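Data block for input-v2.cif (mmCIF, C-alpha atoms):
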```
data_my_file
#
loop_
_atom_site.group_PDB
_atom_site.id
_atom_site.type_symbol
_atom_site.label_atom_id
_atom_site.label_comp_id
_atom_site.auth_asym_id
_atom_site.auth_seq_id
_atom_site.Cartn_x
_atom_site.Cartn_y
_atom_site.Cartn_z
ATOM 1 C CA MET G 18 0.000 0.000 0.000
ATOM 2 C CA ARG G 19 1.125 3.537 -0.768
ATOM 3 C CA ALA G 20 0.454 7.031 0.637
ATOM 4 C CA PHE G 21 1.063 10.308 -1.199
ATOM 5 C CA ILE G 22 2.184 13.012 1.254
ATOM 6 C CA PHE G 23 2.683 16.760 0.878
ATOM 7 C CA PRO G 24 5.004 19.137 2.779
ATOM 8 C CA GLY G 25 4.119 22.251 4.746
ATOM 9 C CA GLN G 26 5.590 25.680 5.382
ATOM 10 C CA GLY G 27 9.348 25.882 5.639
ATOM 11 C CA SER G 28 9.945 23.838 2.479
ATOM 12 C CA GLN G 29 9.905 26.953 0.264
ATOM 13 C CA ALA G 30 13.126 28.087 -1.434
ATOM 14 C CA VAL G 31 13.970 30.440 -4.277
ATOM 15 C CA GLY G 32 14.277 28.361 -7.438
ATOM 16 C CA MET G 33 11.478 25.972 -6.475
ATOM 17 C CA GLY G 34 9.638 24.729 -9.548
ATOM 18 C CA LYS G 35 12.076 26.382 -11.954
ATOM 19 C CA ALA G 36 13.554 23.161 -13.355
ATOM 20 C CA LEU G 37 10.101 21.563 -13.579
ATOM 21 C CA ALA G 38 8.761 24.538 -15.539
ATOM 22 C CA LYS G 39 11.754 24.470 -17.864
ATOM 23 C CA ALA G 40 11.381 20.751 -18.538
ATOM 24 C CA SER G 41 7.606 20.363 -18.667
ATOM 25 C CA ASN G 42 4.673 22.114 -20.345
ATOM 26 C CA VAL G 43 2.436 20.493 -17.718
ATOM 27 C CA ALA G 44 4.299 22.270 -14.917
ATOM 28 C CA ARG G 45 4.291 25.610 -16.757
ATOM 29 C CA GLU G 46 0.543 25.355 -17.320
ATOM 30 C CA LEU G 47 -0.070 24.613 -13.647
ATOM 31 C CA PHE G 48 1.993 27.609 -12.516
ATOM 32 C CA GLU G 49 0.087 29.809 -14.978
ATOM 33 C CA GLU G 50 -3.198 28.484 -13.592
ATOM 34 C CA VAL G 51 -2.104 29.472 -10.072
ATOM 35 C CA ASN G 52 -0.932 32.894 -11.311
ATOM 36 C CA ASP G 53 -4.330 33.508 -12.933
ATOM 37 C CA ALA G 54 -6.201 32.430 -9.799
ATOM 38 C CA LEU G 55 -4.190 34.769 -7.566
ATOM 39 C CA GLY G 56 -3.715 37.676 -9.965
ATOM 40 C CA GLN G 57 0.039 37.677 -9.333
ATOM 41 C CA ASP G 58 3.128 36.145 -10.926
ATOM 42 C CA LEU G 59 3.755 33.664 -8.138
ATOM 43 C CA GLY G 60 5.685 31.397 -10.511
ATOM 44 C CA ARG G 61 8.253 34.108 -11.102
ATOM 45 C CA LEU G 62 8.554 34.782 -7.372
ATOM 46 C CA MET G 63 9.131 31.062 -6.801
ATOM 47 C CA ALA G 64 11.795 30.909 -9.489
ATOM 48 C CA GLU G 65 13.595 34.204 -8.880
ATOM 49 C CA GLY G 66 12.702 35.446 -5.382
ATOM 50 C CA PRO G 67 13.480 37.557 -3.480
ATOM 51 C CA GLN G 68 13.530 35.095 -0.587
ATOM 52 C CA GLU G 69 11.953 37.546 1.869
ATOM 53 C CA ASP G 70 8.890 37.908 -0.367
ATOM 54 C CA LEU G 71 8.606 34.187 -1.019
ATOM 55 C CA THR G 72 8.818 33.518 2.732
ATOM 56 C CA LEU G 73 5.797 35.746 3.449
ATOM 57 C CA THR G 74 3.130 33.341 4.633
ATOM 58 C CA GLU G 75 0.579 34.496 2.051
ATOM 59 C CA ASN G 76 3.064 33.645 -0.736
ATOM 60 C CA ALA G 77 4.791 30.617 0.769
ATOM 61 C CA GLN G 78 1.573 28.663 1.302
ATOM 62 C CA PRO G 79 0.249 28.730 -2.300
ATOM 63 C CA ALA G 80 3.823 28.407 -3.646
ATOM 64 C CA ILE G 81 4.484 25.177 -1.741
ATOM 65 C CA MET G 82 1.153 23.790 -2.923
ATOM 66 C CA ALA G 83 1.839 24.781 -6.550
ATOM 67 C CA ASN G 84 5.271 23.149 -6.472
ATOM 68 C CA ALA G 85 3.870 19.940 -4.985
ATOM 69 C CA MET G 86 1.022 19.772 -7.497
ATOM 70 C CA ALA G 87 3.368 20.484 -10.402
ATOM 71 C CA THR G 88 5.559 17.619 -9.226
ATOM 72 C CA LEU G 89 2.559 15.295 -9.102
ATOM 73 C CA ARG G 90 1.335 16.346 -12.537
ATOM 74 C CA VAL G 91 4.760 15.995 -14.143
ATOM 75 C CA CYS G 92 4.865 12.446 -12.784
ATOM 76 C CA GLY G 93 1.737 11.717 -14.779
ATOM 77 C CA ILE G 94 0.635 9.315 -12.070
ATOM 78 C CA SER G 95 -3.009 9.148 -11.033
ATOM 79 C CA VAL G 96 -3.618 9.974 -7.379
ATOM 80 C CA GLU G 97 -5.638 6.762 -7.330
ATOM 81 C CA LYS G 98 -2.326 4.886 -7.386
ATOM 82 C CA ALA G 99 -2.257 5.863 -3.704
ATOM 83 C CA ASP G 100 -4.351 4.294 -0.957
ATOM 84 C CA PHE G 101 -4.257 7.446 1.194
ATOM 85 C CA VAL G 102 -3.202 11.087 0.974
ATOM 86 C CA ALA G 103 -2.006 13.345 3.789
ATOM 87 C CA GLY G 104 -0.247 16.667 4.159
ATOM 88 C CA HIS G 105 1.539 18.559 6.911
ATOM 89 C CA SER G 106 -0.423 21.695 7.867
ATOM 90 C CA LEU G 107 -0.922 23.642 4.601
ATOM 91 C CA GLY G 108 0.135 20.399 2.870
ATOM 92 C CA GLU G 109 -3.291 19.059 3.765
ATOM 93 C CA TYR G 110 -4.690 21.438 1.132
ATOM 94 C CA SER G 111 -2.200 20.056 -1.408
ATOM 95 C CA ALA G 112 -3.315 16.530 -0.501
ATOM 96 C CA LEU G 113 -6.963 17.477 -0.992
ATOM 97 C CA CYS G 114 -6.158 19.186 -4.279
ATOM 98 C CA ALA G 115 -4.360 16.034 -5.441
ATOM 99 C CA ALA G 116 -7.461 14.033 -4.455
ATOM 100 C CA GLU G 117 -9.639 16.512 -6.432
ATOM 101 C CA THR G 118 -11.584 17.721 -3.406
ATOM 102 C CA PHE G 119 -10.546 21.227 -4.521
ATOM 103 C CA ASP G 120 -9.427 22.373 -7.943
ATOM 104 C CA ILE G 121 -6.108 24.175 -8.365
ATOM 105 C CA ALA G 122 -7.568 27.691 -8.494
ATOM 106 C CA THR G 123 -9.696 27.171 -5.379
ATOM 107 C CA THR G 124 -6.768 25.672 -3.470
ATOM 108 C CA ALA G 125 -4.490 28.578 -4.405
ATOM 109 C CA ARG G 126 -7.057 31.180 -3.328
ATOM 110 C CA LEU G 127 -7.826 29.374 -0.059
ATOM 111 C CA LEU G 128 -4.135 29.194 0.817
ATOM 112 C CA LYS G 129 -3.540 32.846 -0.067
ATOM 113 C CA LEU G 130 -6.388 33.786 2.283
ATOM 114 C CA ARG G 131 -5.182 31.330 4.916
ATOM 115 C CA GLY G 132 -1.698 32.816 4.827
ATOM 116 C CA ARG G 133 -2.964 36.382 5.131
ATOM 117 C CA ALA G 134 -5.410 35.508 7.900
ATOM 118 C CA MET G 135 -2.803 33.616 9.917
ATOM 119 C CA GLN G 136 -0.335 36.481 9.603
ATOM 120 C CA ALA G 137 -2.959 39.055 10.611
ATOM 121 C CA ALA G 138 -4.257 37.080 13.603
ATOM 122 C CA VAL G 139 -1.379 38.065 15.909
ATOM 123 C CA PRO G 140 0.678 41.291 15.714
ATOM 124 C CA VAL G 141 4.275 40.698 14.631
ATOM 125 C CA GLY G 142 6.514 40.137 17.648
ATOM 126 C CA GLU G 143 3.766 38.980 20.012
ATOM 127 C CA GLY G 144 3.878 35.293 19.120
ATOM 128 C CA ALA G 145 6.552 32.652 18.620
ATOM 129 C CA MET G 146 7.136 28.962 17.957
ATOM 130 C CA ALA G 147 9.894 26.673 19.211
ATOM 131 C CA ALA G 148 11.113 23.198 18.357
ATOM 132 C CA LEU G 149 11.752 20.896 21.297
ATOM 133 C CA LEU G 150 14.069 18.105 20.179
ATOM 134 C CA GLY G 151 14.443 14.883 22.086
ATOM 135 C CA LEU G 152 11.183 15.151 24.023
ATOM 136 C CA GLY G 153 8.077 13.113 23.295
ATOM 137 C CA LEU G 154 4.557 14.514 23.106
ATOM 138 C CA GLU G 155 3.624 14.078 26.779
ATOM 139 C CA ALA G 156 6.847 15.678 28.015
ATOM 140 C CA ALA G 157 6.424 18.573 25.559
ATOM 141 C CA GLN G 158 2.840 19.106 26.700
ATOM 142 C CA ALA G 159 4.073 19.294 30.298
ATOM 143 C CA VAL G 160 6.693 21.850 29.243
ATOM 144 C CA ALA G 161 4.047 23.973 27.484
ATOM 145 C CA GLU G 162 1.719 23.892 30.495
ATOM 146 C CA GLU G 163 4.508 24.948 32.850
ATOM 147 C CA ALA G 164 5.683 27.702 30.513
ATOM 148 C CA ALA G 165 2.242 29.228 29.916
ATOM 149 C CA GLN G 166 1.881 31.076 33.246
ATOM 150 C CA GLY G 167 -1.414 32.625 32.197
ATOM 151 C CA GLU G 168 -0.385 33.057 28.553
ATOM 152 C CA VAL G 169 -0.902 30.723 25.584
ATOM 153 C CA CYS G 170 1.669 27.985 25.062
ATOM 154 C CA THR G 171 0.513 24.731 23.480
ATOM 155 C CA VAL G 172 1.859 21.930 21.305
ATOM 156 C CA ALA G 173 1.423 22.923 17.665
ATOM 157 C CA ASN G 174 3.083 20.051 15.813
ATOM 158 C CA ASP G 175 3.750 16.504 16.974
ATOM 159 C CA ASN G 176 6.108 15.811 14.074
ATOM 160 C CA ASP G 177 7.901 12.611 15.024
ATOM 161 C CA PRO G 178 9.157 10.852 18.172
ATOM 162 C CA SER G 179 12.087 13.260 18.476
ATOM 163 C CA GLN G 180 10.532 16.569 17.415
ATOM 164 C CA VAL G 181 7.626 18.492 18.917
ATOM 165 C CA VAL G 182 6.855 22.174 18.223
ATOM 166 C CA VAL G 183 5.177 24.540 20.696
ATOM 167 C CA SER G 184 3.411 27.772 19.845
ATOM 168 C CA GLY G 185 1.884 30.764 21.614
ATOM 169 C CA HIS G 186 2.773 34.077 23.212
ATOM 170 C CA LYS G 187 6.421 34.968 22.740
ATOM 171 C CA GLY G 188 7.223 35.184 26.445
ATOM 172 C CA ALA G 189 5.685 31.797 27.180
ATOM 173 C CA VAL G 190 7.425 30.126 24.252
ATOM 174 C CA GLU G 191 10.749 31.612 25.335
ATOM 175 C CA ARG G 192 10.170 30.238 28.846
ATOM 176 C CA SER G 193 9.547 26.811 27.326
ATOM 177 C CA LEU G 194 13.118 26.666 26.007
ATOM 178 C CA GLU G 195 14.777 26.559 29.428
ATOM 179 C CA ILE G 196 12.084 24.345 30.912
ATOM 180 C CA ALA G 197 12.511 21.872 28.057
ATOM 181 C CA LYS G 198 16.275 21.764 28.509
ATOM 182 C CA ALA G 199 15.811 21.155 32.236
ATOM 183 C CA LYS G 200 13.493 18.244 31.408
ATOM 184 C CA GLY G 201 16.085 16.619 29.169
ATOM 185 C CA ALA G 202 15.511 18.058 25.698
ATOM 186 C CA LYS G 203 18.558 17.595 23.448
ATOM 187 C CA ARG G 204 17.901 21.003 21.926
ATOM 188 C CA ALA G 205 15.227 23.691 22.219
ATOM 189 C CA LEU G 206 15.230 26.568 19.752
ATOM 190 C CA LEU G 207 12.997 29.339 18.493
ATOM 191 C CA LEU G 208 11.806 28.897 14.904
ATOM 192 C CA PRO G 209 12.096 31.674 12.282
ATOM 193 C CA VAL G 210 8.356 32.074 11.737
ATOM 194 C CA SER G 211 6.233 35.176 11.413
ATOM 195 C CA ALA G 212 3.299 34.046 13.571
ATOM 196 C CA PRO G 213 2.397 31.430 16.218
ATOM 197 C CA PHE G 214 0.635 28.840 14.046
ATOM 198 C CA HIS G 215 -1.622 26.027 15.287
ATOM 199 C CA CYS G 216 -2.507 27.494 18.653
ATOM 200 C CA PRO G 217 -5.592 29.271 20.098
ATOM 201 C CA LEU G 218 -4.169 32.691 19.113
ATOM 202 C CA MET G 219 -5.042 31.746 15.514
ATOM 203 C CA GLN G 220 -8.802 31.836 16.195
ATOM 204 C CA PRO G 221 -9.392 34.922 13.973
ATOM 205 C CA ALA G 222 -7.781 33.010 11.099
ATOM 206 C CA ALA G 223 -9.951 29.975 11.845
ATOM 207 C CA ASP G 224 -13.026 32.203 11.634
ATOM 208 C CA ALA G 225 -11.878 33.554 8.263
ATOM 209 C CA MET G 226 -11.299 30.043 6.934
ATOM 210 C CA GLU G 227 -14.682 28.864 8.192
ATOM 211 C CA GLN G 228 -16.337 31.520 6.051
ATOM 212 C CA ALA G 229 -14.139 30.846 3.004
ATOM 213 C CA LEU G 230 -14.532 27.076 3.186
ATOM 214 C CA GLY G 231 -18.272 27.480 3.633
ATOM 215 C CA GLU G 232 -18.381 29.212 0.253
ATOM 216 C CA ALA G 233 -15.986 26.808 -1.516
ATOM 217 C CA GLU G 234 -17.015 23.712 -3.416
ATOM 218 C CA VAL G 235 -15.750 20.659 -1.527
ATOM 219 C CA LYS G 236 -15.972 17.320 -3.331
ATOM 220 C CA PRO G 237 -15.449 13.880 -1.804
ATOM 221 C CA PRO G 238 -11.749 13.008 -2.210
ATOM 222 C CA LEU G 239 -10.855 10.367 -4.800
ATOM 223 C CA VAL G 240 -8.466 8.934 -2.191
ATOM 224 C CA THR G 241 -9.081 8.933 1.577
ATOM 225 C CA LEU G 242 -7.404 11.734 3.519
ATOM 226 C CA TYR G 243 -5.672 11.184 6.861
ATOM 227 C CA ALA G 244 -6.503 14.450 8.629
ATOM 228 C CA ASN G 245 -4.034 16.476 10.710
ATOM 229 C CA VAL G 246 -6.243 17.138 13.702
ATOM 230 C CA THR G 247 -7.653 13.616 14.109
ATOM 231 C CA ALA G 248 -4.891 11.408 12.638
ATOM 232 C CA ALA G 249 -7.813 9.461 11.180
ATOM 233 C CA PRO G 250 -9.425 8.900 7.774
ATOM 234 C CA ALA G 251 -11.822 11.516 6.369
ATOM 235 C CA ASP G 252 -13.930 11.335 3.207
ATOM 236 C CA ASP G 253 -17.072 13.369 3.889
ATOM 237 C CA PRO G 254 -16.973 16.938 2.455
ATOM 238 C CA ALA G 255 -18.727 18.467 5.479
ATOM 239 C CA GLU G 256 -16.283 16.762 7.848
ATOM 240 C CA ILE G 257 -13.313 17.889 5.731
ATOM 241 C CA ARG G 258 -14.532 21.510 5.928
ATOM 242 C CA ARG G 259 -14.812 21.254 9.708
ATOM 243 C CA LEU G 260 -11.404 19.618 10.104
ATOM 244 C CA LEU G 261 -9.686 22.275 7.973
ATOM 245 C CA VAL G 262 -11.129 24.979 10.223
ATOM 246 C CA GLU G 263 -10.055 23.120 13.372
ATOM 247 C CA GLN G 264 -6.591 22.646 11.884
ATOM 248 C CA VAL G 265 -5.849 26.382 12.051
ATOM 249 C CA THR G 266 -5.831 26.380 15.858
ATOM 250 C CA GLY G 267 -5.344 22.651 16.446
ATOM 251 C CA MET G 268 -2.306 20.413 16.772
ATOM 252 C CA VAL G 269 -0.857 18.823 13.650
ATOM 253 C CA ARG G 270 -0.816 15.167 14.651
ATOM 254 C CA TRP G 271 1.714 14.086 12.019
ATOM 255 C CA ARG G 272 3.417 11.358 14.068
ATOM 256 C CA GLU G 273 0.100 9.696 14.809
ATOM 257 C CA SER G 274 -1.090 10.109 11.198
ATOM 258 C CA VAL G 275 1.943 8.337 9.758
ATOM 259 C CA ALA G 276 1.767 5.622 12.414
ATOM 260 C CA ALA G 277 -1.934 5.094 11.650
ATOM 261 C CA MET G 278 -1.304 4.821 7.907
ATOM 262 C CA ALA G 279 1.504 2.334 8.535
ATOM 263 C CA GLU G 280 -0.808 0.363 10.826
ATOM 264 C CA ALA G 281 -3.405 0.381 8.024
ATOM 265 C CA GLY G 282 -0.867 -1.287 5.733
ATOM 266 C CA VAL G 283 1.045 1.541 4.043
ATOM 267 C CA THR G 284 4.609 0.460 3.273
ATOM 268 C CA HIS G 285 5.618 3.247 0.849
ATOM 269 C CA PHE G 286 5.285 6.993 1.482
ATOM 270 C CA VAL G 287 5.841 9.269 -1.544
ATOM 271 C CA GLU G 288 6.489 12.962 -0.798
ATOM 272 C CA PHE G 289 5.764 15.462 -3.578
ATOM 273 C CA GLY G 290 7.701 18.717 -3.825
ATOM 274 C CA GLY G 291 9.957 18.436 -0.805
ATOM 275 C CA LYS G 292 12.401 16.361 1.193
ATOM 276 C CA VAL G 293 11.082 17.291 4.622
ATOM 277 C CA LEU G 294 8.520 14.639 5.496
ATOM 278 C CA GLY G 295 10.492 11.596 4.355
ATOM 279 C CA PRO G 296 12.982 11.765 7.252
ATOM 280 C CA MET G 297 10.113 12.246 9.718
ATOM 281 C CA VAL G 298 8.356 9.181 8.309
ATOM 282 C CA LYS G 299 11.489 7.075 8.769
ATOM 283 C CA ARG G 300 11.667 8.088 12.436
ATOM 284 C CA ILE G 301 8.004 7.138 12.925
ATOM 285 C CA ALA G 302 7.805 4.000 10.779
ATOM 286 C CA PRO G 303 11.395 2.757 10.331
ATOM 287 C CA ASP G 304 10.356 -0.207 8.190
ATOM 288 C CA ALA G 305 8.473 1.940 5.673
ATOM 289 C CA ARG G 306 10.000 2.968 2.380
ATOM 290 C CA THR G 307 10.113 6.693 1.588
ATOM 291 C CA THR G 308 10.530 8.483 -1.737
ATOM 292 C CA SER G 309 10.871 12.278 -1.894
ATOM 293 C CA LEU G 310 10.335 13.930 -5.285
ATOM 294 C CA VAL G 311 11.894 17.318 -6.068
ATOM 295 C CA THR G 312 13.940 17.014 -9.267
ATOM 296 C CA MET G 313 13.168 15.596 -12.704
ATOM 297 C CA ASP G 314 15.613 12.766 -11.919
ATOM 298 C CA ASP G 315 13.597 11.913 -8.788
ATOM 299 C CA ILE G 316 10.421 11.841 -10.860
ATOM 300 C CA GLU G 317 11.891 9.642 -13.590
ATOM 301 C CA VAL G 318 12.960 7.034 -11.052
ATOM 302 C CA LEU G 319 9.468 6.831 -9.538
ATOM 303 C CA VAL G 320 7.683 6.735 -12.899
ATOM 304 C CA LYS G 321 9.659 3.619 -13.847
ATOM 305 C CA GLU G 322 8.448 1.880 -10.700
ATOM 306 C CA VAL G 323 4.745 2.742 -10.658
#
```
What does the file become when written as structure tokens?
Amino acid sequence: MRAFIFPGQGSQAVGMGKALAKASNVARELFEEVNDALGQDLGRLMAEGPQEDLTLTENAQPAIMANAMATLRVCGISVEKADFVAGHSLGEYSALCAAETFDIATTARLLKLRGRAMQAAVPVGEGAMAALLGLGLEAAQAVAEEAAQGEVCTVANDNDPSQVVVSGHKGAVERSLEIAKAKGAKRALLLPVSAPFHCPLMQPAADAMEQALGEAEVKPPLVTLYANVTAAPADDPAEIRRLLVEQVTGMVRWRESVAAMAEAGVTHFVEFGGKVLGPMVKRIAPDARTTSLVTMDDIEVLVKEV
């Protein structure tokens, strides 16, 4: 059994998609479709930068999706070759686009709005996120609770057995660093992000997405989604809408999602448009095979196998 998986924010880089666009009409057409949907030349920003503009959340989110979808399309492989799809945070939208729950234009517009709303939810400098390395979920939750001291500090991402991310008010997240080290974390470091994602401070963004998703057409996915906030299968359009809203403030349960897919029989995880999730998968399900697709050479190797 096989799962197609899609990376989240942080996988953006100037030059992304450039080689695909040069080599493939299919990729160029997809980037043009995204440009038309957004009314901006996102493809050029992806290819040429500047990095500070590409890193803006409202640009990074649709760019990462576009790169992942271009990679999938260049492969020429039907999503129905997969048994499940899943994505990390914004990658969940890429997964749903791959499964034809949303079309490309709708996905791009939703992610542009999501990026803007998440950035606007908390004034710059008031929030933060930190990676706690070497602590499991329960220990990280205890760190977050101790660090909160009346402010918000919660687990945002349970990425793999060795990496948990906390999010919330800047002061609380900074306190979590020393507490984590005292509890045995190998490392604890602030992340270079512009807002505290996946915590209760994102409620204004969740409200914005609830309205946008309520107006969007949501089709049943061609392939079952493993959802971030439940680490469980989802196929019903109304449930998918609800889960995407909850995801804005909720924890990304990536470790549990991968473990659940492996338990369901998945032995091969294929990552489209990044090389971020593959290493996480190997730490969660060591016996699983992982393939990460970024270059044309990567794609050619997979196409010969499938």
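Across G:Leu149, G:Ala64, G:Ala54, G:Leu208, the tightest approach to Lys39 of chain G is made by G:Ala64 when counting all atoms listed in the file.
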Which residue of G:Ala30, G:Val160, G:Val320, G:Val298 approaches Ala199 of chain G most closely, using only C-alpha atoms: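 Among the listed residues, the smallest separation from Ala199 of chain G belongs to G:Val160.
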Contacts of segment 255-262 of chain G within 7 Å, only C-alpha atoms, excl. fewer than 5 positions in-chain, as a PyMOL selection string: chain G and resi 223+226-227+230+246
Neighbours of point (8.4, 14.6, 17.8) within 10 Å, using all atoms listed in the file, written as a ChimeraX atom specification: /G:148-154,157,174-182,270-272,297,300-301
Residues matched by the PyMOL selection byres ((chain G and resi 21) around 8), written as a ChimeraX atom specification: /G:19-20,22-23,96,99,101-103,112,286-289
Output check: residues returned by the PyMOL selection byres ((chain G and resi 162) around 12), as a list in words: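 Matching residues under the PyMOL selection byres ((chain G and resi 162) around 12) are Glu155, Ala156, Ala157, Gln158, Ala159, Val160, Ala161, Glu163, Ala164, Ala165, Gln166, Gly167, Glu168, Val169, Cys170, Thr171, Val172, Val183, Ser184, Gly185, Ala189, Val190, Arg192, Ser193, Ile196 and Ala197 of chain G.
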